[in-house]
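Presented below is the structure to which this report refers.
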Amino acid sequence: MATVEREIVINRPPEQVAAYMDTARSWPEWFAGVQSAEPDAAHPAVGSAVKVAYKSMGTTFNLTMTLDEYQRGRLANYQLAGMITGVNRFTLSPEGDGTRVHAFFDYDVPGGGLGKIFDKLVLERANAENLEKSLITLKARLEG
């Protein structure tokens with residue numbers, strides 16, 4: 001599995017950051033690579049799911065992200081299933097008048113050994129760049 005982590009401080013309280021991040025339909029606005037996000041009616045409750053189309057390096061990955069751990073304003077942990085498997089977790093913690101957002105993406109790509117080589121040579125860097133861009137865009141949207 002490949003792991004990518006990034007974090008940023010957003011000058012908004014955790015409740016405001018969480019309210020925006022918990023709205024799955026907003027993900028294409030700030031999460032680089034997310035083309036669509038369709039939550040089920042229960043989202044963001046534990047056990048709910050979001051159907052996501054994520055594009056990286058010219059390939060669209062259709063995923064189901066199931067929320068398996070959730071604490072409003074603190075933690076959202078998703079299990080990924082579909083063309084990519086793994087975990088996508090966001091933790092929020094107060095920092096001064098703002099919020100530190102820590103993003104964690106631990107994933108496995110299909111294709112066995114060739115998939116792992118492709119991931120190490122190309123996809124991991126693209127995913128790291130997407131995660132970094134996502135947090136910068138999230139900050140810009142929330143801070144205005």
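Starting from 1 in every chain, residues are counted up; chains themselves are A, B, ... following the order of the structure tokens, and ligands are numbered from 1 as listed.
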Neighbours of Ser26 in chain A within 12 Å (only C-alpha atoms; same-chain residues fewer than 4 positions away dropped), as a ChimeraX atom specification?
/A:18-22,30-32,34-39,50,52,134,137-138,141-142
Write out, as a tab-separated table, each residue of range 16-82 of chain A that has an atom at most 12 Å from range 94-109 of chain A, together with the closest pair of atoms and their distance in Å to one decimal, counting only C-alpha atoms, rows going by chain and rising number.
```
residue	atom	partner	partner_atom	distance
A:Gln16	CA	A:Thr99	CA	9.3
A:Val17	CA	A:Thr99	CA	7.5
A:Ala18	CA	A:Thr99	CA	9.7
A:Met21	CA	A:Val101	CA	10.4
A:Phe31	CA	A:Ala103	CA	11.3
A:Ser56	CA	A:Val109	CA	11.8
A:Thr59	CA	A:Val109	CA	11.8
A:Phe61	CA	A:Val109	CA	9.8
A:Leu63	CA	A:Val109	CA	11.7
A:Gly73	CA	A:Pro94	CA	9.5
A:Arg74	CA	A:Pro94	CA	9.0
A:Leu75	CA	A:His102	CA	9.6
A:Ala76	CA	A:Ala103	CA	9.9
A:Asn77	CA	A:Phe104	CA	9.2
A:Tyr78	CA	A:Phe105	CA	9.6
A:Gln79	CA	A:Tyr107	CA	9.6
A:Leu80	CA	A:Tyr107	CA	8.0
A:Ala81	CA	A:Tyr107	CA	9.8
A:Gly82	CA	A:Val109	CA	9.6
```
Write the residues of the selection above to a file with C-alpha atoms, as an mmCIF file, in the first residue's frame.
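Final file, selection36.cif:
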```cif
data_model
loop_
_atom_site.group_PDB
_atom_site.id
_atom_site.type_symbol
_atom_site.label_atom_id
_atom_site.label_comp_id
_atom_site.auth_asym_id
_atom_site.auth_seq_id
_atom_site.Cartn_x
_atom_site.Cartn_y
_atom_site.Cartn_z
ATOM 1 C CA GLN A 16 -17.167 25.485 10.056
ATOM 2 C CA VAL A 17 -14.453 23.398 8.412
ATOM 3 C CA ALA A 18 -16.318 20.180 9.220
ATOM 4 C CA MET A 21 -15.992 18.957 4.383
ATOM 5 C CA PHE A 31 -10.820 17.879 -3.671
ATOM 6 C CA SER A 56 -5.681 10.732 -11.597
ATOM 7 C CA THR A 59 -7.630 7.337 -15.415
ATOM 8 C CA PHE A 61 -11.327 5.377 -10.618
ATOM 9 C CA LEU A 63 -14.959 4.138 -5.748
ATOM 10 C CA GLY A 73 -15.682 18.366 13.743
ATOM 11 C CA ARG A 74 -12.863 15.951 14.615
ATOM 12 C CA LEU A 75 -12.619 12.837 12.424
ATOM 13 C CA ALA A 76 -13.970 11.266 9.249
ATOM 14 C CA ASN A 77 -12.488 7.888 8.305
ATOM 15 C CA TYR A 78 -13.553 6.291 5.022
ATOM 16 C CA GLN A 79 -12.878 2.779 3.744
ATOM 17 C CA LEU A 80 -12.302 2.774 -0.021
ATOM 18 C CA ALA A 81 -13.621 -0.004 -2.241
ATOM 19 C CA GLY A 82 -13.656 -0.350 -6.010
#
```
Based on the backbone DSSP call, show me all residues of range 28-88 of chain A assigned strand (DSSP E), as an MDAnalysis selection string.
chainID A and resid 34:39 49:56 59:71 75:82 85:88
List every residue of range 15-60 of chain A that DSSP, applied to the backbone, labels as helix (DSSP H, G or I), and write the result as an MDAnalysis selection string.
chainID A and resid 15:21 24:30
Just to be explicit: take each residue in the selection above, keep N, CA and C atoms, and write the result as a PDB file, in the first residue's frame.
```
ATOM      1  N   GLU A  15     -15.846  23.539  13.574  1.00  0.00           N
ATOM      2  CA  GLU A  15     -17.243  23.302  13.201  1.00  0.00           C
ATOM      3  C   GLU A  15     -17.528  23.794  11.778  1.00  0.00           C
ATOM      4  N   GLN A  16     -16.957  24.950  11.409  1.00  0.00           N
ATOM      5  CA  GLN A  16     -17.167  25.485  10.056  1.00  0.00           C
ATOM      6  C   GLN A  16     -16.432  24.641   9.018  1.00  0.00           C
ATOM      7  N   VAL A  17     -15.223  24.234   9.342  1.00  0.00           N
ATOM      8  CA  VAL A  17     -14.453  23.398   8.412  1.00  0.00           C
ATOM      9  C   VAL A  17     -15.184  22.070   8.202  1.00  0.00           C
ATOM     10  N   ALA A  18     -15.627  21.468   9.303  1.00  0.00           N
ATOM     11  CA  ALA A  18     -16.318  20.180   9.220  1.00  0.00           C
ATOM     12  C   ALA A  18     -17.620  20.295   8.436  1.00  0.00           C
ATOM     13  N   ALA A  19     -18.371  21.361   8.654  1.00  0.00           N
ATOM     14  CA  ALA A  19     -19.651  21.516   7.958  1.00  0.00           C
ATOM     15  C   ALA A  19     -19.450  21.484   6.441  1.00  0.00           C
ATOM     16  N   TYR A  20     -18.388  22.115   5.966  1.00  0.00           N
ATOM     17  CA  TYR A  20     -18.117  22.125   4.525  1.00  0.00           C
ATOM     18  C   TYR A  20     -17.575  20.772   4.059  1.00  0.00           C
ATOM     19  N   MET A  21     -16.602  20.226   4.787  1.00  0.00           N
ATOM     20  CA  MET A  21     -15.992  18.957   4.383  1.00  0.00           C
ATOM     21  C   MET A  21     -16.982  17.793   4.453  1.00  0.00           C
ATOM     22  N   ALA A  24     -20.588  15.985   1.143  1.00  0.00           N
ATOM     23  CA  ALA A  24     -19.900  15.247   0.079  1.00  0.00           C
ATOM     24  C   ALA A  24     -20.086  15.880  -1.295  1.00  0.00           C
ATOM     25  N   ARG A  25     -21.238  16.471  -1.533  1.00  0.00           N
ATOM     26  CA  ARG A  25     -21.455  17.085  -2.859  1.00  0.00           C
ATOM     27  C   ARG A  25     -20.513  18.263  -3.110  1.00  0.00           C
ATOM     28  N   SER A  26     -19.870  18.782  -2.054  1.00  0.00           N
ATOM     29  CA  SER A  26     -18.894  19.871  -2.232  1.00  0.00           C
ATOM     30  C   SER A  26     -17.512  19.349  -2.614  1.00  0.00           C
ATOM     31  N   TRP A  27     -17.267  18.055  -2.490  1.00  0.00           N
ATOM     32  CA  TRP A  27     -15.926  17.527  -2.727  1.00  0.00           C
ATOM     33  C   TRP A  27     -15.354  17.893  -4.089  1.00  0.00           C
ATOM     34  N   PRO A  28     -16.132  17.835  -5.188  1.00  0.00           N
ATOM     35  CA  PRO A  28     -15.536  18.220  -6.475  1.00  0.00           C
ATOM     36  C   PRO A  28     -15.087  19.689  -6.522  1.00  0.00           C
ATOM     37  N   GLU A  29     -15.625  20.523  -5.628  1.00  0.00           N
ATOM     38  CA  GLU A  29     -15.242  21.937  -5.590  1.00  0.00           C
ATOM     39  C   GLU A  29     -13.835  22.132  -5.035  1.00  0.00           C
ATOM     40  N   TRP A  30     -13.398  21.240  -4.162  1.00  0.00           N
ATOM     41  CA  TRP A  30     -12.110  21.463  -3.505  1.00  0.00           C
ATOM     42  C   TRP A  30     -11.167  20.264  -3.551  1.00  0.00           C
TER      43      TRP A  30
END
```
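For the atom pair formed by CA of Ile10 in chain A and CA of Glu143 in chain A, the distance is 7.2 Å, given to one decimal.
Atom pair CA of Ala2 in chain A / CA of Leu131 in chain A has a distance of 13.4 Å (rounded to one decimal).
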Interatomic distance between CA of Leu135 in chain A and CA of Thr23 in chain A?
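Computing the Euclidean distance for CA of Leu135 in chain A and CA of Thr23 in chain A yields 15.5 Å.
Restricting the calculation to only C-alpha atoms, the smallest distance between Tyr54 in chain A and any of A:Tyr70, A:Asn130, A:Asn11, A:Asp40 is found for A:Asn130.
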